[in-house]
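Listing of final_29.pdb; format and content: PDB, C-alpha atoms.
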```pdb
MODEL        1
ATOM      1  CA  MET S   7     -53.881 -18.528  14.644  1.00  0.00           C
ATOM      2  CA  HIS S   8     -51.173 -16.681  16.637  1.00  0.00           C
ATOM      3  CA  LYS S   9     -51.233 -17.333  20.357  1.00  0.00           C
ATOM      4  CA  LYS S  10     -50.778 -14.204  22.535  1.00  0.00           C
ATOM      5  CA  GLY S  11     -47.663 -14.252  24.685  1.00  0.00           C
ATOM      6  CA  GLY S  12     -46.151 -17.250  22.843  1.00  0.00           C
ATOM      7  CA  PRO S  13     -42.737 -15.689  22.109  1.00  0.00           C
ATOM      8  CA  VAL S  14     -42.632 -14.055  25.540  1.00  0.00           C
ATOM      9  CA  VAL S  15     -43.339 -17.360  27.268  1.00  0.00           C
ATOM     10  CA  PHE S  16     -40.614 -19.053  25.197  1.00  0.00           C
ATOM     11  CA  VAL S  17     -38.028 -16.360  26.066  1.00  0.00           C
ATOM     12  CA  LEU S  18     -38.904 -16.533  29.766  1.00  0.00           C
ATOM     13  CA  ALA S  19     -38.633 -20.334  29.733  1.00  0.00           C
ATOM     14  CA  ALA S  20     -35.254 -20.178  27.970  1.00  0.00           C
ATOM     15  CA  LEU S  21     -33.948 -17.608  30.492  1.00  0.00           C
ATOM     16  CA  THR S  22     -35.132 -19.762  33.383  1.00  0.00           C
ATOM     17  CA  VAL S  23     -33.210 -22.764  31.999  1.00  0.00           C
ATOM     18  CA  LEU S  24     -30.051 -20.663  31.494  1.00  0.00           C
ATOM     19  CA  ILE S  25     -30.229 -19.195  34.981  1.00  0.00           C
ATOM     20  CA  ALA S  26     -30.817 -22.580  36.584  1.00  0.00           C
ATOM     21  CA  ALA S  27     -27.893 -24.110  34.653  1.00  0.00           C
ATOM     22  CA  SER S  28     -25.341 -21.418  35.602  1.00  0.00           C
ATOM     23  CA  SER S  29     -23.299 -21.721  38.768  1.00  0.00           C
ATOM     24  CA  ALA S  30     -23.627 -19.276  41.644  1.00  0.00           C
ATOM     25  CA  HIS S  31     -20.963 -16.585  41.723  1.00  0.00           C
ATOM     26  CA  ALA S  32     -21.836 -15.119  45.110  1.00  0.00           C
ATOM     27  CA  THR S  33     -19.644 -17.621  46.953  1.00  0.00           C
ATOM     28  CA  PHE S  34     -15.896 -17.701  46.417  1.00  0.00           C
ATOM     29  CA  PRO S  35     -14.093 -21.033  46.163  1.00  0.00           C
ATOM     30  CA  GLY S  36     -11.919 -21.882  49.140  1.00  0.00           C
ATOM     31  CA  THR S  37     -14.038 -20.224  51.813  1.00  0.00           C
ATOM     32  CA  ASN S  38     -13.463 -21.576  55.303  1.00  0.00           C
ATOM     33  CA  GLY S  39     -17.082 -21.356  56.497  1.00  0.00           C
ATOM     34  CA  ARG S  40     -16.501 -18.802  59.261  1.00  0.00           C
ATOM     35  CA  ILE S  41     -18.232 -15.425  59.484  1.00  0.00           C
ATOM     36  CA  ALA S  42     -16.114 -12.316  60.151  1.00  0.00           C
ATOM     37  CA  PHE S  43     -17.809  -9.367  61.853  1.00  0.00           C
ATOM     38  CA  SER S  44     -17.341  -6.324  64.091  1.00  0.00           C
ATOM     39  CA  GLN S  45     -19.772  -4.942  66.637  1.00  0.00           C
ATOM     40  CA  ALA S  46     -19.814  -1.208  65.763  1.00  0.00           C
ATOM     41  CA  ASP S  47     -20.428   0.998  62.734  1.00  0.00           C
ATOM     42  CA  LEU S  48     -17.053   2.675  62.104  1.00  0.00           C
ATOM     43  CA  ILE S  49     -17.863   4.696  59.013  1.00  0.00           C
ATOM     44  CA  PRO S  50     -17.762   8.458  58.644  1.00  0.00           C
ATOM     45  CA  PRO S  51     -21.107  10.258  58.847  1.00  0.00           C
ATOM     46  CA  ILE S  52     -22.098  11.469  55.372  1.00  0.00           C
ATOM     47  CA  GLY S  53     -25.086  13.711  54.690  1.00  0.00           C
ATOM     48  CA  GLY S  54     -26.593  13.378  58.163  1.00  0.00           C
ATOM     49  CA  GLU S  55     -26.231   9.584  58.329  1.00  0.00           C
ATOM     50  CA  SER S  56     -25.070   8.047  61.568  1.00  0.00           C
ATOM     51  CA  GLY S  57     -21.580   6.723  62.023  1.00  0.00           C
ATOM     52  CA  ASP S  58     -19.287   6.873  65.021  1.00  0.00           C
ATOM     53  CA  LEU S  59     -15.568   7.064  64.330  1.00  0.00           C
ATOM     54  CA  SER S  60     -14.892   7.063  68.070  1.00  0.00           C
ATOM     55  CA  ALA S  61     -16.781   3.819  68.747  1.00  0.00           C
ATOM     56  CA  HIS S  62     -14.784   0.960  70.240  1.00  0.00           C
ATOM     57  CA  SER S  63     -14.945  -2.186  68.139  1.00  0.00           C
ATOM     58  CA  GLN S  64     -13.039  -5.409  67.516  1.00  0.00           C
ATOM     59  CA  VAL S  65     -13.019  -7.962  64.674  1.00  0.00           C
ATOM     60  CA  PHE S  66     -14.316 -11.450  65.471  1.00  0.00           C
ATOM     61  CA  THR S  67     -15.011 -14.696  63.615  1.00  0.00           C
ATOM     62  CA  ILE S  68     -17.658 -17.299  64.400  1.00  0.00           C
ATOM     63  CA  GLN S  69     -19.066 -20.487  62.907  1.00  0.00           C
ATOM     64  CA  PRO S  70     -22.460 -20.147  61.164  1.00  0.00           C
ATOM     65  CA  ASP S  71     -24.049 -22.209  63.972  1.00  0.00           C
ATOM     66  CA  GLY S  72     -22.871 -19.659  66.586  1.00  0.00           C
ATOM     67  CA  SER S  73     -20.020 -21.740  67.989  1.00  0.00           C
ATOM     68  CA  GLY S  74     -16.327 -20.929  68.047  1.00  0.00           C
ATOM     69  CA  LEU S  75     -16.431 -17.182  68.694  1.00  0.00           C
ATOM     70  CA  THR S  76     -12.865 -15.876  68.275  1.00  0.00           C
ATOM     71  CA  GLN S  77     -11.665 -12.309  68.822  1.00  0.00           C
ATOM     72  CA  LEU S  78      -8.990 -11.475  66.228  1.00  0.00           C
ATOM     73  CA  THR S  79      -8.103  -7.849  67.019  1.00  0.00           C
ATOM     74  CA  HIS S  80      -7.259  -6.373  70.400  1.00  0.00           C
ATOM     75  CA  VAL S  81      -7.213  -2.607  69.913  1.00  0.00           C
ATOM     76  CA  ALA S  82      -7.337  -0.252  72.910  1.00  0.00           C
ATOM     77  CA  SER S  83     -10.674   0.890  74.344  1.00  0.00           C
ATOM     78  CA  ASP S  84     -10.394   4.303  72.653  1.00  0.00           C
ATOM     79  CA  GLN S  85      -9.783   2.742  69.217  1.00  0.00           C
ATOM     80  CA  GLY S  86     -11.698   0.622  66.752  1.00  0.00           C
ATOM     81  CA  ALA S  87     -11.264  -2.203  64.257  1.00  0.00           C
ATOM     82  CA  GLY S  88     -14.117  -3.137  61.946  1.00  0.00           C
ATOM     83  CA  ALA S  89     -15.605  -3.706  58.480  1.00  0.00           C
ATOM     84  CA  PRO S  90     -13.834  -7.062  57.936  1.00  0.00           C
ATOM     85  CA  ASP S  91     -13.876  -8.799  54.544  1.00  0.00           C
ATOM     86  CA  TRP S  92     -12.598 -12.308  53.759  1.00  0.00           C
ATOM     87  CA  SER S  93     -10.137 -12.875  50.914  1.00  0.00           C
ATOM     88  CA  PRO S  94     -11.568 -15.117  48.184  1.00  0.00           C
ATOM     89  CA  ASP S  95      -9.401 -18.053  49.317  1.00  0.00           C
ATOM     90  CA  GLY S  96     -10.487 -17.652  52.967  1.00  0.00           C
ATOM     91  CA  GLN S  97      -6.892 -17.199  54.159  1.00  0.00           C
ATOM     92  CA  GLN S  98      -6.866 -13.461  54.970  1.00  0.00           C
ATOM     93  CA  ILE S  99      -9.120 -10.696  56.245  1.00  0.00           C
ATOM     94  CA  VAL S 100      -8.877  -6.990  55.427  1.00  0.00           C
ATOM     95  CA  TYR S 101     -10.355  -4.484  57.858  1.00  0.00           C
ATOM     96  CA  GLU S 102     -10.227  -0.829  58.907  1.00  0.00           C
ATOM     97  CA  SER S 103      -8.633   0.330  62.152  1.00  0.00           C
ATOM     98  CA  ASN S 104      -7.387   3.480  63.840  1.00  0.00           C
ATOM     99  CA  GLU S 105      -5.010   1.672  66.193  1.00  0.00           C
ATOM    100  CA  SER S 106      -2.064   3.649  64.777  1.00  0.00           C
ATOM    101  CA  GLY S 107      -3.773   7.050  64.577  1.00  0.00           C
ATOM    102  CA  SER S 108      -6.045   7.755  61.607  1.00  0.00           C
ATOM    103  CA  PHE S 109      -8.198   5.025  60.093  1.00  0.00           C
ATOM    104  CA  ALA S 110      -6.197   2.813  57.745  1.00  0.00           C
ATOM    105  CA  ILE S 111      -6.678  -0.462  55.902  1.00  0.00           C
ATOM    106  CA  TRP S 112      -5.101  -3.482  57.574  1.00  0.00           C
ATOM    107  CA  SER S 113      -4.813  -7.166  56.676  1.00  0.00           C
ATOM    108  CA  MET S 114      -4.358 -10.251  58.821  1.00  0.00           C
ATOM    109  CA  ASP S 115      -4.313 -14.012  58.518  1.00  0.00           C
ATOM    110  CA  ALA S 116      -7.594 -15.859  59.080  1.00  0.00           C
ATOM    111  CA  ASP S 117      -6.482 -16.700  62.643  1.00  0.00           C
ATOM    112  CA  GLY S 118      -5.689 -13.038  63.478  1.00  0.00           C
ATOM    113  CA  GLY S 119      -1.918 -13.361  63.018  1.00  0.00           C
ATOM    114  CA  ASN S 120       0.316 -11.128  60.903  1.00  0.00           C
ATOM    115  CA  GLN S 121      -1.724  -7.941  61.369  1.00  0.00           C
ATOM    116  CA  THR S 122      -0.254  -5.493  58.855  1.00  0.00           C
ATOM    117  CA  ARG S 123      -1.108  -1.864  58.132  1.00  0.00           C
ATOM    118  CA  LEU S 124      -1.520  -1.460  54.352  1.00  0.00           C
ATOM    119  CA  THR S 125      -2.310   2.275  54.046  1.00  0.00           C
ATOM    120  CA  ASP S 126      -0.470   5.080  55.824  1.00  0.00           C
ATOM    121  CA  GLU S 127      -0.785   8.451  54.122  1.00  0.00           C
ATOM    122  CA  PRO S 128      -1.171  11.575  56.290  1.00  0.00           C
ATOM    123  CA  GLY S 129      -4.318  13.594  55.609  1.00  0.00           C
ATOM    124  CA  PHE S 130      -6.500  10.596  54.758  1.00  0.00           C
ATOM    125  CA  GLU S 131      -8.839   8.200  56.574  1.00  0.00           C
ATOM    126  CA  ASP S 132      -9.406   4.843  54.841  1.00  0.00           C
ATOM    127  CA  PHE S 133     -12.575   2.780  55.309  1.00  0.00           C
ATOM    128  CA  LEU S 134     -14.642  -0.201  54.140  1.00  0.00           C
ATOM    129  CA  PRO S 135     -12.091  -2.480  52.445  1.00  0.00           C
ATOM    130  CA  SER S 136     -13.275  -5.193  50.075  1.00  0.00           C
ATOM    131  CA  TRP S 137     -11.329  -7.865  48.185  1.00  0.00           C
ATOM    132  CA  SER S 138     -11.516  -8.130  44.411  1.00  0.00           C
ATOM    133  CA  PRO S 139     -12.901 -11.507  43.239  1.00  0.00           C
ATOM    134  CA  ASP S 140      -9.427 -12.700  42.190  1.00  0.00           C
ATOM    135  CA  GLY S 141      -7.869 -11.724  45.547  1.00  0.00           C
ATOM    136  CA  HIS S 142      -5.148  -9.554  44.001  1.00  0.00           C
ATOM    137  CA  GLN S 143      -6.667  -6.128  44.731  1.00  0.00           C
ATOM    138  CA  ILE S 144      -8.402  -4.404  47.643  1.00  0.00           C
ATOM    139  CA  LEU S 145     -10.954  -1.643  47.069  1.00  0.00           C
ATOM    140  CA  PHE S 146     -11.699   0.886  49.789  1.00  0.00           C
ATOM    141  CA  SER S 147     -13.028   4.359  50.528  1.00  0.00           C
ATOM    142  CA  ARG S 148     -10.299   6.992  50.950  1.00  0.00           C
ATOM    143  CA  CYS S 149     -11.454  10.200  52.633  1.00  0.00           C
ATOM    144  CA  ALA S 150      -9.483  13.461  52.619  1.00  0.00           C
ATOM    145  CA  GLU S 151      -8.962  15.429  55.839  1.00  0.00           C
ATOM    146  CA  PRO S 152      -7.311  18.654  54.656  1.00  0.00           C
ATOM    147  CA  PHE S 153      -8.120  20.475  57.913  1.00  0.00           C
ATOM    148  CA  GLY S 154      -6.989  17.714  60.260  1.00  0.00           C
ATOM    149  CA  PRO S 155      -8.570  14.647  61.899  1.00  0.00           C
ATOM    150  CA  GLY S 156     -12.351  14.665  62.039  1.00  0.00           C
ATOM    151  CA  PHE S 157     -12.842  17.109  59.143  1.00  0.00           C
ATOM    152  CA  ILE S 158     -13.549  14.804  56.186  1.00  0.00           C
ATOM    153  CA  THR S 159     -14.287  16.827  53.045  1.00  0.00           C
ATOM    154  CA  SER S 160     -14.505  14.207  50.291  1.00  0.00           C
ATOM    155  CA  CYS S 161     -14.100  10.494  49.684  1.00  0.00           C
ATOM    156  CA  ASP S 162     -12.838   8.524  46.676  1.00  0.00           C
ATOM    157  CA  ILE S 163     -12.940   4.846  45.855  1.00  0.00           C
ATOM    158  CA  ASP S 164      -9.369   3.597  45.583  1.00  0.00           C
ATOM    159  CA  SER S 165      -7.712   0.266  44.892  1.00  0.00           C
ATOM    160  CA  MET S 166      -4.355  -1.187  45.858  1.00  0.00           C
ATOM    161  CA  ASN S 167      -2.491  -4.442  45.552  1.00  0.00           C
ATOM    162  CA  LYS S 168      -3.097  -6.938  48.348  1.00  0.00           C
ATOM    163  CA  ASN S 169       0.253  -5.956  49.912  1.00  0.00           C
ATOM    164  CA  GLY S 170      -0.667  -2.233  49.981  1.00  0.00           C
ATOM    165  CA  GLY S 171       1.291  -1.090  46.913  1.00  0.00           C
ATOM    166  CA  GLY S 172      -0.032   0.229  43.613  1.00  0.00           C
ATOM    167  CA  LEU S 173      -2.522   2.730  45.069  1.00  0.00           C
ATOM    168  CA  LYS S 174      -4.908   4.001  42.383  1.00  0.00           C
ATOM    169  CA  THR S 175      -8.058   6.144  42.444  1.00  0.00           C
ATOM    170  CA  ILE S 176     -10.955   4.345  40.746  1.00  0.00           C
ATOM    171  CA  LEU S 177     -13.729   6.879  41.297  1.00  0.00           C
ATOM    172  CA  SER S 178     -13.186  10.453  42.405  1.00  0.00           C
TER
ENDMDL
END
```
Any chance you could give the structure as structure tokens?
Amino acid sequence: MHKKGGPVVFVLAALTVLIAASSAHATFPGTNGRIAFSQADLIPPIGGESGDLSAHSQVFTIQPDGSGLTQLTHVASDQGAGAPDWSPDGQQIVYESNESGSFAIWSMDADGGNQTRLTDEPGFEDFLPSWSPDGHQILFSRCAEPFGPGFITSCDIDSMNKNGGGLKTILS
């Protein structure tokens, strides 16, 4: 006699064993344990969503237990730095900032040193950088401002090398 659900139960059990045996990929090797964050939402408003490009913000790091709060950026009160993302090896942070005019992608060492502007093309605002898993590329949102600052008409997803070269549109 055939038992109902027999093959389904076997497949589910096999999947459970495979999932339990695989390693987690959500955590990169070499992380330093600190959390990087900013205190304001510095993204452009899209479709009625909130976002404040004029908000003042800084990038900080902190230990998971709440100790060791460290301010890494020191932009002026009418500027912002935010959306930090750790490199896979925990040695660098990419972030967005308008400290030199329009929003651009910047990188810095984990201690806040060597702050370097990576993007600098007139007519664009760059937001929300994220490291590739291998640490060689940075993905980000690139928004066109054909009518000047504050008039974003469209955004693409672009990538670049970790030093800012090799700019390429991934999704238009």
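Shortest separation to Thr76 of chain S among S:Asp162, S:Asp117, S:Glu131, S:Glu151 occurs at residue S:Asp117, atoms counted being only C-alpha atoms.
Residue selection for this entry, given the PyMOL selection byres ((chain S and resi 140) around 9), comprises Ser93, Pro94, Asp95, Trp137, Ser138, Pro139, Gly141, His142 and Gln143 of chain S.
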Export of prior selection with C-alpha atoms as a PDB file, in the frame of the given file:
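As a result, out-v2.pdb now contains:
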```
ATOM      1  CA  SER S  93     -10.137 -12.875  50.914  1.00  0.00           C
ATOM      2  CA  PRO S  94     -11.568 -15.117  48.184  1.00  0.00           C
ATOM      3  CA  ASP S  95      -9.401 -18.053  49.317  1.00  0.00           C
ATOM      4  CA  TRP S 137     -11.329  -7.865  48.185  1.00  0.00           C
ATOM      5  CA  SER S 138     -11.516  -8.130  44.411  1.00  0.00           C
ATOM      6  CA  PRO S 139     -12.901 -11.507  43.239  1.00  0.00           C
ATOM      7  CA  GLY S 141      -7.869 -11.724  45.547  1.00  0.00           C
ATOM      8  CA  HIS S 142      -5.148  -9.554  44.001  1.00  0.00           C
ATOM      9  CA  GLN S 143      -6.667  -6.128  44.731  1.00  0.00           C
TER      10      GLN S 143
END
```
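Taken over the shown file, the PyMOL selection byres ((chain S and resi 110) around 7) identifies Glu102, Ser103, Asn104, Ser108, Phe109, Ile111, Trp112, Arg123, Thr125, Asp126, Glu131, Asp132 and Phe133 of chain S.
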Given only C-alpha atoms as the basis, pick out the residue of S:Ser44, S:Gln85, S:Asn120, S:Ser178 nearest to Phe66 of chain S.
S:Ser44
note - atom CA of Gly39 of chain S and atom CA of Ser147 of chain S are separated by 26.7 Å
Written as JSON, numbers by chain, which residues does the PyMOL selection byres ((chain S and resi 75) around 12) give for the file shown?
{"S": [40, 41, 42, 43, 44, 65, 66, 67, 68, 69, 70, 71, 72, 73, 74, 76, 77, 78, 117]}
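Residues in contact range of Leu173 of chain S, defined as at most 10 Å between all atoms listed in the file, with sequence neighbours fewer than 2 positions away removed, read Thr125, Gln143, Ile144, Leu145, Asp164, Ser165, Met166, Asn167, Gly170, Gly171, Thr175 and Ile176 of chain S.
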What does the distance from atom CA of Met114 of chain S to atom CA of Phe146 of chain S come to in Å, to one decimal?
16.1 Å
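You can rank S:Gly129, S:Arg148, S:Ala116, S:Gln97 by their closest distance to Lys174 of chain S using all atoms listed in the file, and at the top of that list sits S:Arg148.
Here atom CA of Thr159 of chain S and atom CA of Leu124 of chain S stand 22.3 Å from one another.
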Box for segment 104-120 of chain S: with edges along x, y and z, all listed atoms inside and 6 Å added on each side, what are the centre and edge lengths in Å to one decimal, as lines of an AutoDock Vina configuration file?
```
center_x = -3.9
center_y = -4.5
center_z = 61.0
size_x = 20.5
size_y = 36.5
size_z = 22.3
```
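The closest residue to His80 of chain S, picked from S:Ser160, S:Gln98, S:Gly119, S:Gly107 and counting all atoms listed in the file, is S:Gly119.
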Copy segment 89-125 of chain S out of the block into a file, keeping N, CA and C atoms, as a CSV table (one decimal), in the first residue's frame.
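Writing done, so here's part-v1.csv:
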```csv
chain,number,residue,atom,x,y,z
S,89,ALA,N,24.3,56.1,4.7
S,89,ALA,CA,24.1,54.8,4.0
S,89,ALA,C,25.5,54.1,3.9
S,90,PRO,N,26.1,53.9,5.1
S,90,PRO,CA,27.4,53.2,5.0
S,90,PRO,C,27.3,51.7,4.8
S,91,ASP,N,28.3,51.1,4.2
S,91,ASP,CA,28.4,49.7,3.9
S,91,ASP,C,29.8,49.2,4.1
S,92,TRP,N,30.0,48.2,4.9
S,92,TRP,CA,31.3,47.6,5.2
S,92,TRP,C,31.8,46.8,4.0
S,93,SER,N,33.1,46.9,3.7
S,93,SER,CA,33.7,46.0,2.7
S,93,SER,C,33.7,44.6,3.3
S,94,PRO,N,33.8,43.6,2.4
S,94,PRO,CA,33.7,42.2,2.9
S,94,PRO,C,34.9,41.9,3.9
S,95,ASP,N,36.0,42.5,3.8
S,95,ASP,CA,37.1,42.2,4.7
S,95,ASP,C,37.1,43.1,5.9
S,96,GLY,N,36.1,44.0,6.1
S,96,GLY,CA,36.0,44.8,7.2
S,96,GLY,C,37.0,45.9,7.3
S,97,GLN,N,37.7,46.2,6.3
S,97,GLN,CA,38.7,47.2,6.3
S,97,GLN,C,38.3,48.6,5.8
S,98,GLN,N,37.2,48.6,5.0
S,98,GLN,CA,36.8,49.9,4.4
S,98,GLN,C,35.3,50.0,4.5
S,99,ILE,N,34.8,51.3,4.4
S,99,ILE,CA,33.4,51.6,4.4
S,99,ILE,C,33.1,52.5,3.2
S,100,VAL,N,32.1,52.2,2.4
S,100,VAL,CA,31.6,53.1,1.4
S,100,VAL,C,30.4,53.8,1.9
S,101,TYR,N,30.1,55.0,1.5
S,101,TYR,CA,29.0,55.8,1.9
S,101,TYR,C,28.7,56.9,0.9
S,102,GLU,N,27.5,57.5,1.1
S,102,GLU,CA,27.2,58.7,0.2
S,102,GLU,C,27.3,59.9,1.0
S,103,SER,N,27.7,61.0,0.3
S,103,SER,CA,27.9,62.3,1.0
S,103,SER,C,27.8,63.4,0.0
S,104,ASN,N,27.3,64.6,0.4
S,104,ASN,CA,27.2,65.8,-0.4
S,104,ASN,C,28.2,66.8,0.1
S,105,GLU,N,29.2,66.4,0.8
S,105,GLU,CA,30.2,67.4,1.3
S,105,GLU,C,31.0,68.2,0.3
S,106,SER,N,31.0,67.7,-1.0
S,106,SER,CA,31.6,68.5,-2.0
S,106,SER,C,30.7,69.0,-3.1
S,107,GLY,N,29.4,69.1,-2.7
S,107,GLY,CA,28.4,69.6,-3.7
S,107,GLY,C,27.2,68.6,-3.8
S,108,SER,N,27.1,67.9,-5.0
S,108,SER,CA,26.1,66.9,-5.2
S,108,SER,C,26.5,65.6,-4.4
S,109,PHE,N,25.5,64.8,-4.2
S,109,PHE,CA,25.7,63.5,-3.5
S,109,PHE,C,26.6,62.6,-4.4
S,110,ALA,N,27.7,62.1,-3.8
S,110,ALA,CA,28.6,61.2,-4.5
S,110,ALA,C,28.9,60.0,-3.6
S,111,ILE,N,29.6,59.0,-4.1
S,111,ILE,CA,30.0,57.8,-3.4
S,111,ILE,C,31.4,58.1,-2.9
S,112,TRP,N,31.6,57.8,-1.6
S,112,TRP,CA,32.9,58.0,-1.0
S,112,TRP,C,33.3,56.7,-0.3
S,113,SER,N,34.6,56.5,-0.1
S,113,SER,CA,35.1,55.4,0.7
S,113,SER,C,36.1,55.9,1.8
S,114,MET,N,36.2,55.1,2.8
S,114,MET,CA,37.1,55.5,3.9
S,114,MET,C,37.6,54.2,4.6
S,115,ASP,N,38.7,54.3,5.3
S,115,ASP,CA,39.2,53.2,6.1
S,115,ASP,C,38.2,53.0,7.2
S,116,ALA,N,38.3,51.8,7.9
S,116,ALA,CA,37.4,51.4,8.9
S,116,ALA,C,37.5,52.4,10.1
S,117,ASP,N,38.6,53.1,10.3
S,117,ASP,CA,38.8,54.1,11.4
S,117,ASP,C,38.4,55.5,11.0
S,118,GLY,N,37.9,55.7,9.7
S,118,GLY,CA,37.5,57.0,9.3
S,118,GLY,C,38.6,57.7,8.5
S,119,GLY,N,39.7,57.2,8.4
S,119,GLY,CA,40.8,57.8,7.7
S,119,GLY,C,40.7,57.6,6.2
S,120,ASN,N,41.5,58.3,5.4
S,120,ASN,CA,41.6,58.2,4.0
S,120,ASN,C,40.2,58.4,3.3
S,121,GLN,N,39.4,59.4,3.7
S,121,GLN,CA,38.1,59.6,3.0
S,121,GLN,C,38.4,60.1,1.6
S,122,THR,N,37.8,59.3,0.6
S,122,THR,CA,38.1,59.6,-0.8
S,122,THR,C,36.8,59.6,-1.6
S,123,ARG,N,36.6,60.7,-2.4
S,123,ARG,CA,35.4,60.7,-3.2
S,123,ARG,C,35.7,59.8,-4.4
S,124,LEU,N,34.7,58.9,-4.7
S,124,LEU,CA,34.9,58.0,-5.8
S,124,LEU,C,34.1,58.4,-7.1
S,125,THR,N,33.0,59.1,-6.9
S,125,THR,CA,32.2,59.5,-8.1
S,125,THR,C,32.2,61.0,-8.1
```
